[in-house]
$ cat data19.txt   # compact mmCIF, C-alpha atoms
# COMPACT_ATOMS: atom_id res chain seq x y z
CA MET A 18 20.55 -2.72 -19.00
CA THR A 19 19.42 -6.24 -19.89
CA SER A 20 20.96 -8.78 -17.50
CA PRO A 21 21.31 -12.59 -17.49
CA THR A 22 18.99 -14.84 -15.57
CA SER A 23 19.90 -17.79 -13.37
CA SER A 24 21.46 -20.71 -15.20
CA SER A 25 19.84 -23.27 -12.88
CA ALA A 26 16.18 -22.59 -13.60
CA VAL A 27 13.67 -24.88 -11.94
CA HIS A 28 10.95 -23.49 -14.20
CA PRO A 29 12.61 -23.08 -17.60
CA GLU A 30 9.27 -22.12 -19.17
CA PHE A 31 9.68 -18.67 -17.63
CA GLU A 32 13.26 -18.14 -18.77
CA ASP A 33 12.27 -16.69 -22.16
CA ASP A 34 9.52 -14.61 -20.56
CA LEU A 35 11.94 -13.07 -18.09
CA ALA A 36 14.45 -12.34 -20.86
CA LEU A 37 11.67 -10.64 -22.83
CA ALA A 38 10.57 -8.63 -19.77
CA LEU A 39 14.12 -7.36 -19.36
CA ARG A 40 14.27 -6.31 -23.03
CA ILE A 41 10.93 -4.57 -22.64
CA ALA A 42 12.29 -2.74 -19.60
CA ASP A 43 15.22 -1.50 -21.71
CA ALA A 44 12.80 -0.06 -24.27
CA ALA A 45 10.57 1.42 -21.57
CA ASP A 46 13.56 3.09 -19.91
CA ASP A 47 14.49 4.78 -23.18
CA VAL A 48 11.00 6.27 -23.51
CA SER A 49 10.50 7.32 -19.89
CA MET A 50 13.94 8.89 -19.55
CA ALA A 51 13.45 10.89 -22.77
CA HIS A 52 10.58 12.72 -21.02
CA PHE A 53 11.92 12.85 -17.46
CA ASP A 54 12.40 16.30 -15.91
CA ASP A 55 11.28 17.93 -19.16
CA PRO A 56 9.47 21.26 -18.52
CA ARG A 57 7.36 20.56 -21.62
CA LEU A 58 5.93 17.36 -20.13
CA GLY A 59 2.18 17.15 -20.69
CA VAL A 60 0.07 16.31 -17.64
CA LEU A 61 -3.64 15.46 -17.49
CA LEU A 62 -6.01 14.70 -14.62
CA LYS A 63 -7.77 11.34 -14.88
CA ALA A 64 -11.34 10.62 -13.81
CA ASP A 65 -10.10 9.27 -10.46
CA SER A 66 -8.28 12.59 -9.81
CA THR A 67 -4.82 11.06 -10.28
CA HIS A 68 -2.36 12.41 -12.81
CA VAL A 69 -1.19 10.90 -16.07
CA THR A 70 1.67 12.28 -18.14
CA ASP A 71 2.72 12.02 -21.75
CA ALA A 72 5.47 9.72 -20.51
CA ASP A 73 3.04 7.29 -18.82
CA LEU A 74 1.09 6.94 -22.05
CA ALA A 75 4.11 6.72 -24.35
CA THR A 76 5.87 4.17 -22.14
CA GLU A 77 2.86 1.89 -21.95
CA ARG A 78 2.37 2.12 -25.72
CA ALA A 79 5.99 1.12 -26.27
CA ILE A 80 5.56 -1.91 -24.00
CA ARG A 81 2.33 -2.95 -25.68
CA ASP A 82 3.90 -2.65 -29.13
CA ILE A 83 6.65 -5.11 -28.19
CA LEU A 84 4.21 -7.55 -26.60
CA ALA A 85 1.94 -7.40 -29.66
CA THR A 86 4.88 -8.63 -31.73
CA GLN A 87 6.56 -11.01 -29.30
CA ARG A 88 3.58 -12.43 -27.37
CA PRO A 89 0.50 -11.81 -29.55
CA GLU A 90 -1.51 -14.57 -27.82
CA ASP A 91 -0.99 -13.14 -24.33
CA GLY A 92 -3.29 -10.70 -22.58
CA ILE A 93 -2.24 -7.30 -21.25
CA PHE A 94 -3.46 -5.30 -18.27
CA GLY A 95 -1.93 -1.83 -18.05
CA GLU A 96 -2.72 1.13 -15.85
CA GLU A 97 -3.32 3.55 -18.70
CA TYR A 98 -4.99 1.46 -21.41
CA GLY A 99 -6.76 -1.21 -19.41
CA ALA A 100 -7.11 -4.94 -20.08
CA THR A 101 -7.11 -6.71 -23.42
CA GLY A 102 -7.02 -10.39 -24.34
CA THR A 103 -6.80 -13.48 -22.16
CA THR A 104 -6.10 -13.67 -18.44
CA THR A 105 -4.52 -17.13 -18.69
CA ARG A 106 -1.18 -15.50 -19.51
CA GLN A 107 -1.44 -11.80 -18.77
CA TRP A 108 1.24 -9.13 -18.75
CA ILE A 109 0.53 -6.61 -16.00
CA ILE A 110 2.11 -3.20 -16.53
CA ASP A 111 2.54 0.05 -14.65
CA PRO A 112 4.49 2.25 -17.09
CA ILE A 113 5.47 4.76 -14.41
CA ASP A 114 4.83 3.82 -10.80
CA GLY A 115 5.26 7.05 -8.88
CA THR A 116 3.88 9.52 -11.41
CA ALA A 117 3.73 12.28 -8.77
CA ASN A 118 7.49 11.94 -8.23
CA TYR A 119 8.09 11.78 -12.00
CA MET A 120 6.15 15.05 -12.49
CA LYS A 121 8.29 16.77 -9.86
CA GLY A 122 11.61 15.58 -11.28
CA ILE A 123 12.16 13.29 -8.27
CA PRO A 124 13.97 10.11 -9.42
CA MET A 125 11.98 7.74 -7.17
CA TRP A 126 9.74 6.15 -9.80
CA ALA A 127 9.83 2.85 -11.66
CA THR A 128 8.42 0.87 -14.54
CA LEU A 129 6.75 -2.34 -13.39
CA ILE A 130 6.42 -5.35 -15.70
CA ALA A 131 4.89 -8.66 -14.61
CA LEU A 132 3.62 -11.83 -16.22
CA ALA A 133 0.81 -13.58 -14.38
CA VAL A 134 -0.27 -17.11 -15.28
CA ASP A 135 -3.80 -17.98 -14.17
CA GLY A 136 -3.71 -14.92 -11.93
CA VAL A 137 -0.41 -15.75 -10.20
CA PRO A 138 2.55 -13.42 -10.91
CA GLN A 139 5.43 -15.59 -12.13
CA VAL A 140 7.78 -13.01 -13.69
CA GLY A 141 8.60 -9.55 -12.41
CA VAL A 142 10.86 -6.67 -13.44
CA VAL A 143 11.16 -3.37 -11.59
CA SER A 144 13.25 -0.78 -13.43
CA GLN A 145 14.26 2.52 -11.85
CA PRO A 146 16.28 4.14 -14.69
CA ALA A 147 16.69 7.59 -13.16
CA LEU A 148 18.85 5.92 -10.49
CA GLY A 149 20.33 3.25 -12.77
CA ARG A 150 18.73 0.44 -10.74
CA ARG A 151 16.82 -2.66 -11.74
CA TRP A 152 15.46 -5.74 -9.94
CA TRP A 153 14.04 -8.87 -11.55
CA GLY A 154 12.93 -12.40 -10.77
CA ALA A 155 10.88 -15.35 -11.97
CA THR A 156 9.55 -18.47 -10.32
CA GLY A 157 12.40 -20.93 -9.88
CA GLN A 158 15.04 -18.51 -11.21
CA GLY A 159 15.81 -16.42 -8.16
CA ALA A 160 15.65 -12.67 -7.61
CA TRP A 161 18.40 -10.37 -8.81
CA THR A 162 19.59 -6.79 -9.01
CA ASN A 163 22.21 -4.87 -10.95
CA GLY A 164 23.44 -3.01 -7.89
CA THR A 165 27.18 -3.69 -8.27
CA ASP A 166 29.84 -3.45 -10.98
CA ASP A 167 30.54 -7.18 -10.63
CA GLY A 168 27.39 -8.20 -12.47
CA PRO A 169 23.98 -9.32 -11.17
CA ARG A 170 23.69 -9.89 -7.44
CA ARG A 171 21.25 -12.44 -6.07
CA LEU A 172 18.77 -11.08 -3.54
CA ARG A 173 17.94 -12.56 -0.15
CA VAL A 174 15.56 -11.21 2.47
CA SER A 175 16.80 -10.56 5.98
CA THR A 176 16.93 -13.08 8.80
CA VAL A 177 15.62 -10.67 11.45
CA ASP A 178 13.27 -12.69 13.67
CA ALA A 179 12.02 -10.18 16.26
CA LEU A 180 9.44 -7.46 15.70
CA ASP A 181 11.29 -4.98 17.89
CA GLU A 182 14.38 -5.41 15.73
CA SER A 183 12.52 -5.01 12.44
CA SER A 184 12.30 -2.09 10.04
CA VAL A 185 9.09 -1.47 8.08
CA SER A 186 7.67 0.79 5.40
CA PHE A 187 4.04 1.88 5.70
CA GLN A 188 3.88 3.95 2.47
CA SER A 189 1.82 6.93 3.78
CA ILE A 190 -0.15 7.97 6.87
CA ALA A 191 -3.04 9.20 4.70
CA GLN A 192 -3.32 5.82 2.99
CA TRP A 193 -3.68 3.94 6.28
CA ASP A 194 -6.04 6.59 7.66
CA GLU A 195 -8.33 6.36 4.62
CA ALA A 196 -8.38 2.56 5.00
CA GLY A 197 -9.45 2.91 8.65
CA HIS A 198 -6.17 1.59 10.03
CA LEU A 199 -4.54 4.66 11.52
CA ASP A 200 -4.60 3.21 15.05
CA THR A 201 -3.12 0.01 13.64
CA LEU A 202 -0.28 1.98 12.07
CA VAL A 203 0.46 3.70 15.37
CA ARG A 204 0.53 0.33 17.15
CA LEU A 205 2.88 -1.02 14.49
CA SER A 206 5.21 1.96 14.84
CA ARG A 207 5.39 1.47 18.60
CA THR A 208 6.29 -2.20 18.22
CA VAL A 209 8.96 -2.25 15.53
CA TRP A 210 12.46 -0.82 15.66
CA ARG A 211 12.08 1.61 12.76
CA ASP A 212 9.27 2.81 10.49
CA ARG A 213 9.49 4.94 7.36
CA GLY A 214 7.20 5.79 4.44
CA TYR A 215 9.55 5.17 1.52
CA GLY A 216 6.74 4.84 -0.98
CA ASP A 217 5.88 3.12 -4.26
CA ALA A 218 8.09 0.28 -5.61
CA TRP A 219 11.34 0.99 -3.79
CA PRO A 220 10.49 -0.40 -0.33
CA TYR A 221 9.53 -3.77 -1.79
CA MET A 222 12.93 -3.92 -3.43
CA LEU A 223 14.60 -2.90 -0.15
CA LEU A 224 12.74 -5.80 1.44
CA ALA A 225 14.02 -8.20 -1.22
CA GLU A 226 17.54 -6.89 -0.62
CA GLY A 227 17.27 -7.65 3.11
CA ARG A 228 17.15 -4.00 4.19
CA LEU A 229 13.53 -3.98 5.44
CA GLU A 230 11.41 -6.66 7.08
CA MET A 231 7.89 -5.54 6.04
CA VAL A 232 6.03 -3.37 3.53
CA ALA A 233 2.27 -2.86 3.63
CA GLU A 234 -0.16 -0.60 1.81
CA PHE A 235 -3.77 -0.10 0.79
CA ASP A 236 -5.73 0.95 -2.30
CA VAL A 237 -3.31 -0.82 -4.65
CA LYS A 238 -4.24 -2.26 -8.03
CA GLU A 239 -2.75 -5.37 -9.59
CA TYR A 240 -0.37 -3.29 -11.72
CA ASP A 241 0.97 -1.58 -8.57
CA ILE A 242 2.22 -4.81 -6.97
CA ALA A 243 2.26 -7.77 -9.41
CA ALA A 244 5.88 -7.22 -10.48
CA HIS A 245 7.02 -7.25 -6.85
CA VAL A 246 5.54 -10.64 -6.02
CA PRO A 247 8.02 -12.96 -7.85
CA ILE A 248 10.96 -10.84 -6.74
CA VAL A 249 10.01 -10.90 -3.06
CA ARG A 250 9.11 -14.60 -3.08
CA GLU A 251 12.23 -15.66 -4.98
CA ALA A 252 14.31 -13.66 -2.49
CA GLY A 253 12.84 -15.84 0.25
CA GLY A 254 10.08 -13.53 1.44
CA ARG A 255 6.33 -13.84 1.65
CA PHE A 256 3.73 -11.75 -0.16
CA THR A 257 0.02 -11.67 0.74
CA ASP A 258 -2.72 -9.10 1.10
CA PHE A 259 -3.42 -7.37 4.41
CA ASP A 260 -5.57 -10.32 5.53
CA GLY A 261 -2.99 -12.96 4.68
CA GLN A 262 -4.51 -14.14 1.40
CA ASP A 263 -2.27 -15.04 -1.54
CA ALA A 264 -3.92 -12.54 -3.87
CA VAL A 265 -2.99 -9.40 -5.79
CA GLY A 266 -6.51 -8.20 -6.63
CA THR A 267 -7.84 -7.41 -3.15
CA ARG A 268 -6.53 -3.82 -2.99
CA SER A 269 -4.00 -4.33 -0.20
CA SER A 270 -0.56 -5.84 0.20
CA LEU A 271 1.68 -7.16 2.93
CA ALA A 272 5.19 -8.29 2.05
CA SER A 273 7.71 -9.51 4.60
CA ASN A 274 10.90 -11.47 5.09
CA GLY A 275 8.65 -14.47 5.73
CA ILE A 276 10.01 -15.19 9.18
CA LEU A 277 7.89 -12.45 10.77
CA HIS A 278 4.89 -12.56 8.45
CA ASP A 279 2.46 -14.27 10.82
CA GLU A 280 3.55 -12.03 13.69
CA TYR A 281 2.92 -8.94 11.56
CA LEU A 282 -0.53 -10.26 10.64
CA GLU A 283 -1.32 -10.91 14.29
CA LEU A 284 -0.11 -7.45 15.31
CA LEU A 285 -1.96 -5.67 12.52
CA HIS A 286 -5.22 -7.49 13.33
CA TRP A 287 -4.86 -7.34 17.09
CA SER A 288 -7.96 -5.13 17.52
CA ASP A 289 -10.06 -7.52 15.38
CA ALA A 290 -9.40 -10.31 17.88
CA GLN A 291 -10.47 -8.27 20.92
$ encode --input "data19.txt" --output "structure tokens"
Amino acid sequence: MTSPTSSSAVHPEFEDDLALALRIADAADDVSMAHFDDPRLGVLLKADSTHVTDADLATERAIRDILATQRPEDGIFGEEYGATGTTTRQWIIDPIDGTANYMKGIPMWATLIALAVDGVPQVGVVSQPALGRRWWGATGQGAWTNGTDDGPRRLRVSTVDALDESSVSFQSIAQWDEAGHLDTLVRLSRTVWRDRGYGDAWPYMLLAEGRLEMVAEFDVKEYDIAAHVPIVREAGGRFTDFDGQDAVGTRSSLASNGILHDEYLELLHWSDAQ
């Protein structure tokens, strides 16, 4: 499923990295799909009470094996095997984002591959092989998807400029409740045009495609969101944490079409200002 990148790169230093990330995604798809919807799939419970499957472990190992050969000087931070090496150039990996869906045979899961340089995600690939979809981007090279038969399609966020005309994804009610923001979520739902909990990687890609105006969630790790950042930003959107900081390690995220970002922040923190 490897696809070409933009030919007019402003940052050509990331061109090879993006091409490698796409090749890695091809290899990861082969591993994850070999295990998908298999009744023999092994499942374990981790110390944090989340699940890990044979496929999560095998997919991350396959990614790490390629990086060990192709980028031996780079660091790696993966969900299943932790961090190794430098953080100056660090590949951030979630082998299967949406493990609960994967376990149930639901095709809404993805492999997330990012390259962060000095902590800033510069390359991102989101591959959803069970649905034959992929999104990718890198700083200066645009954001793209394989959604049509005519080749890669460039992504652009929407131009919606009014909260009451916007559509948002809040991930899950429980997530906002546990973060102490249930009342905030209710206020958001009463202000916007449409709210849905699409979950995991997909809503960020819908945002980059111009189909949503905001995605926000809590209790996220770097490997949950790093791959989304270059894609959303290269599509013209904005990506911060819930407090408006340009950071991926603060355990929250807020992505938008950019036009409405400050208004979302003001709405979501309305009670803090009272």
$ closest_atom_pairs --input "data19.txt" --of "stretch 104-194 of chain A" --to "stretch 38-57 of chain A" --cutoff "9 Å" --atoms "only C-alpha atoms" --output "CSV"
residue,atom,partner,partner_atom,distance
A:Pro112,CA,A:Ala45,CA,7.6
A:Ile113,CA,A:Ser49,CA,7.9
A:Tyr119,CA,A:Phe53,CA,6.8
A:Met120,CA,A:Asp54,CA,7.2
A:Lys121,CA,A:Asp54,CA,7.3
A:Gly122,CA,A:Asp54,CA,4.8
A:Ile123,CA,A:Asp54,CA,8.2
A:Pro124,CA,A:Phe53,CA,8.7
A:Thr128,CA,A:Ala42,CA,7.3
A:Leu129,CA,A:Ala42,CA,8.3
A:Ile130,CA,A:Ala38,CA,6.7
A:Ala131,CA,A:Ala38,CA,7.7
A:Leu132,CA,A:Ala38,CA,8.4
A:Val140,CA,A:Ala38,CA,8.0
A:Gly141,CA,A:Ala38,CA,7.7
A:Val142,CA,A:Ala38,CA,6.6
A:Val143,CA,A:Ala42,CA,8.1
A:Ser144,CA,A:Ala42,CA,6.5
A:Gln145,CA,A:Asp46,CA,8.1
A:Pro146,CA,A:Asp46,CA,6.0
A:Ala147,CA,A:Met50,CA,7.1
A:Trp153,CA,A:Leu39,CA,8.0
$ atom_distance --input "data19.txt" --atom1 "atom CA of A:Tyr240" --atom2 "atom CA of A:Leu202"
24.4 Å
$ atom_distance --input "data19.txt" --atom1 "atom CA of A:Thr67" --atom2 "atom CA of A:Gln188"
17.0 Å
$ residues_around --input "data19.txt" --residues "stretch 85-97 of chain A" --least-positions-apart "4" --cutoff "7 Å" --atoms "only C-alpha atoms" --output "ChimeraX atom specification"
/A:74,81,101-104,106-111,240
$ residues_near_point --input "data19.txt" --point "(-5.9, -8.8, 4.1)" --cutoff "10 Å" --atoms "all atoms listed in the file" --output "number ranges by chain"
A: 235, 257-264, 267-271, 282, 285-286
$ closest_residue --input "data19.txt" --among "A:Gly266, A:Gly254, A:Gly214, A:Gly99" --to "A:Val177" --atoms "all atoms listed in the file"
A:Gly254
$ decode --input "data19.txt" --residues "stretch 260-286 of chain A" --atoms "N, CA, C and O atoms" --output "PDB file, in the first residue's frame"
ATOM      1  N   ASP A 260      -5.252  22.098  27.174  1.00  0.00           N
ATOM      2  CA  ASP A 260      -5.017  23.452  27.689  1.00  0.00           C
ATOM      3  C   ASP A 260      -4.405  24.384  26.654  1.00  0.00           C
ATOM      4  O   ASP A 260      -4.038  25.520  26.975  1.00  0.00           O
ATOM      5  N   GLY A 261      -4.266  23.899  25.420  1.00  0.00           N
ATOM      6  CA  GLY A 261      -3.755  24.748  24.358  1.00  0.00           C
ATOM      7  C   GLY A 261      -2.251  24.719  24.185  1.00  0.00           C
ATOM      8  O   GLY A 261      -1.711  25.495  23.386  1.00  0.00           O
ATOM      9  N   GLN A 262      -1.561  23.828  24.882  1.00  0.00           N
ATOM     10  CA  GLN A 262      -0.112  23.720  24.736  1.00  0.00           C
ATOM     11  C   GLN A 262       0.248  22.842  23.538  1.00  0.00           C
ATOM     12  O   GLN A 262      -0.410  21.841  23.270  1.00  0.00           O
ATOM     13  N   ASP A 263       1.334  23.193  22.861  1.00  0.00           N
ATOM     14  CA  ASP A 263       1.825  22.380  21.754  1.00  0.00           C
ATOM     15  C   ASP A 263       2.673  21.250  22.318  1.00  0.00           C
ATOM     16  O   ASP A 263       3.908  21.320  22.337  1.00  0.00           O
ATOM     17  N   ALA A 264       2.000  20.216  22.826  1.00  0.00           N
ATOM     18  CA  ALA A 264       2.700  19.116  23.480  1.00  0.00           C
ATOM     19  C   ALA A 264       1.933  17.826  23.270  1.00  0.00           C
ATOM     20  O   ALA A 264       0.700  17.836  23.150  1.00  0.00           O
ATOM     21  N   VAL A 265       2.674  16.708  23.215  1.00  0.00           N
ATOM     22  CA  VAL A 265       2.024  15.402  23.065  1.00  0.00           C
ATOM     23  C   VAL A 265       2.216  14.529  24.296  1.00  0.00           C
ATOM     24  O   VAL A 265       1.731  13.398  24.332  1.00  0.00           O
ATOM     25  N   GLY A 266       2.892  15.056  25.329  1.00  0.00           N
ATOM     26  CA  GLY A 266       3.169  14.244  26.501  1.00  0.00           C
ATOM     27  C   GLY A 266       2.412  14.651  27.736  1.00  0.00           C
ATOM     28  O   GLY A 266       2.769  14.264  28.848  1.00  0.00           O
ATOM     29  N   THR A 267       1.320  15.419  27.573  1.00  0.00           N
ATOM     30  CA  THR A 267       0.582  15.930  28.729  1.00  0.00           C
ATOM     31  C   THR A 267      -0.713  15.175  28.995  1.00  0.00           C
ATOM     32  O   THR A 267      -1.513  15.586  29.815  1.00  0.00           O
ATOM     33  N   ARG A 268      -0.923  14.085  28.289  1.00  0.00           N
ATOM     34  CA  ARG A 268      -2.035  13.148  28.531  1.00  0.00           C
ATOM     35  C   ARG A 268      -3.408  13.671  28.107  1.00  0.00           C
ATOM     36  O   ARG A 268      -4.436  13.193  28.585  1.00  0.00           O
ATOM     37  N   SER A 269      -3.425  14.660  27.217  1.00  0.00           N
ATOM     38  CA  SER A 269      -4.695  15.089  26.631  1.00  0.00           C
ATOM     39  C   SER A 269      -4.416  15.611  25.231  1.00  0.00           C
ATOM     40  O   SER A 269      -3.273  15.890  24.880  1.00  0.00           O
ATOM     41  N   SER A 270      -5.472  15.714  24.443  1.00  0.00           N
ATOM     42  CA  SER A 270      -5.313  16.228  23.084  1.00  0.00           C
ATOM     43  C   SER A 270      -6.538  17.007  22.668  1.00  0.00           C
ATOM     44  O   SER A 270      -7.657  16.729  23.110  1.00  0.00           O
ATOM     45  N   LEU A 271      -6.295  17.984  21.811  1.00  0.00           N
ATOM     46  CA  LEU A 271      -7.364  18.777  21.211  1.00  0.00           C
ATOM     47  C   LEU A 271      -6.921  19.138  19.798  1.00  0.00           C
ATOM     48  O   LEU A 271      -5.984  19.912  19.618  1.00  0.00           O
ATOM     49  N   ALA A 272      -7.565  18.539  18.827  1.00  0.00           N
ATOM     50  CA  ALA A 272      -7.264  18.812  17.422  1.00  0.00           C
ATOM     51  C   ALA A 272      -8.480  19.485  16.798  1.00  0.00           C
ATOM     52  O   ALA A 272      -9.624  19.146  17.120  1.00  0.00           O
ATOM     53  N   SER A 273      -8.222  20.426  15.902  1.00  0.00           N
ATOM     54  CA  SER A 273      -9.329  21.152  15.285  1.00  0.00           C
ATOM     55  C   SER A 273      -8.962  21.562  13.871  1.00  0.00           C
ATOM     56  O   SER A 273      -7.832  21.372  13.421  1.00  0.00           O
ATOM     57  N   ASN A 274      -9.935  22.181  13.191  1.00  0.00           N
ATOM     58  CA  ASN A 274      -9.665  22.717  11.860  1.00  0.00           C
ATOM     59  C   ASN A 274      -8.866  24.017  11.919  1.00  0.00           C
ATOM     60  O   ASN A 274      -8.613  24.635  10.890  1.00  0.00           O
ATOM     61  N   GLY A 275      -8.466  24.415  13.102  1.00  0.00           N
ATOM     62  CA  GLY A 275      -7.659  25.621  13.274  1.00  0.00           C
ATOM     63  C   GLY A 275      -8.490  26.877  13.402  1.00  0.00           C
ATOM     64  O   GLY A 275      -8.266  27.682  14.310  1.00  0.00           O
ATOM     65  N   ILE A 276      -9.451  27.044  12.552  1.00  0.00           N
ATOM     66  CA  ILE A 276     -10.295  28.236  12.552  1.00  0.00           C
ATOM     67  C   ILE A 276     -11.017  28.388  13.888  1.00  0.00           C
ATOM     68  O   ILE A 276     -11.129  29.494  14.434  1.00  0.00           O
ATOM     69  N   LEU A 277     -11.499  27.274  14.437  1.00  0.00           N
ATOM     70  CA  LEU A 277     -12.316  27.297  15.646  1.00  0.00           C
ATOM     71  C   LEU A 277     -11.541  26.914  16.901  1.00  0.00           C
ATOM     72  O   LEU A 277     -12.140  26.808  17.976  1.00  0.00           O
ATOM     73  N   HIS A 278     -10.245  26.722  16.792  1.00  0.00           N
ATOM     74  CA  HIS A 278      -9.492  26.169  17.917  1.00  0.00           C
ATOM     75  C   HIS A 278      -9.610  27.024  19.181  1.00  0.00           C
ATOM     76  O   HIS A 278      -9.921  26.504  20.269  1.00  0.00           O
ATOM     77  N   ASP A 279      -9.384  28.308  19.055  1.00  0.00           N
ATOM     78  CA  ASP A 279      -9.450  29.176  20.228  1.00  0.00           C
ATOM     79  C   ASP A 279     -10.852  29.221  20.811  1.00  0.00           C
ATOM     80  O   ASP A 279     -11.022  29.293  22.041  1.00  0.00           O
ATOM     81  N   GLU A 280     -11.866  29.169  19.961  1.00  0.00           N
ATOM     82  CA  GLU A 280     -13.242  29.162  20.455  1.00  0.00           C
ATOM     83  C   GLU A 280     -13.550  27.877  21.199  1.00  0.00           C
ATOM     84  O   GLU A 280     -14.252  27.893  22.225  1.00  0.00           O
ATOM     85  N   TYR A 281     -13.032  26.740  20.700  1.00  0.00           N
ATOM     86  CA  TYR A 281     -13.206  25.488  21.440  1.00  0.00           C
ATOM     87  C   TYR A 281     -12.521  25.571  22.802  1.00  0.00           C
ATOM     88  O   TYR A 281     -13.088  25.157  23.823  1.00  0.00           O
ATOM     89  N   LEU A 282     -11.301  26.081  22.835  1.00  0.00           N
ATOM     90  CA  LEU A 282     -10.590  26.208  24.105  1.00  0.00           C
ATOM     91  C   LEU A 282     -11.371  27.083  25.077  1.00  0.00           C
ATOM     92  O   LEU A 282     -11.498  26.756  26.266  1.00  0.00           O
ATOM     93  N   GLU A 283     -11.889  28.188  24.590  1.00  0.00           N
ATOM     94  CA  GLU A 283     -12.666  29.079  25.461  1.00  0.00           C
ATOM     95  C   GLU A 283     -13.919  28.385  25.976  1.00  0.00           C
ATOM     96  O   GLU A 283     -14.255  28.472  27.169  1.00  0.00           O
ATOM     97  N   LEU A 284     -14.611  27.655  25.108  1.00  0.00           N
ATOM     98  CA  LEU A 284     -15.817  26.940  25.507  1.00  0.00           C
ATOM     99  C   LEU A 284     -15.499  25.850  26.528  1.00  0.00           C
ATOM    100  O   LEU A 284     -16.186  25.707  27.558  1.00  0.00           O
ATOM    101  N   LEU A 285     -14.447  25.100  26.270  1.00  0.00           N
ATOM    102  CA  LEU A 285     -14.122  23.961  27.124  1.00  0.00           C
ATOM    103  C   LEU A 285     -13.615  24.412  28.493  1.00  0.00           C
ATOM    104  O   LEU A 285     -13.705  23.652  29.463  1.00  0.00           O
ATOM    105  N   HIS A 286     -13.078  25.624  28.564  1.00  0.00           N
ATOM    106  CA  HIS A 286     -12.568  26.143  29.846  1.00  0.00           C
ATOM    107  C   HIS A 286     -13.430  27.256  30.402  1.00  0.00           C
ATOM    108  O   HIS A 286     -12.984  28.018  31.258  1.00  0.00           O
TER     109      HIS A 286
END
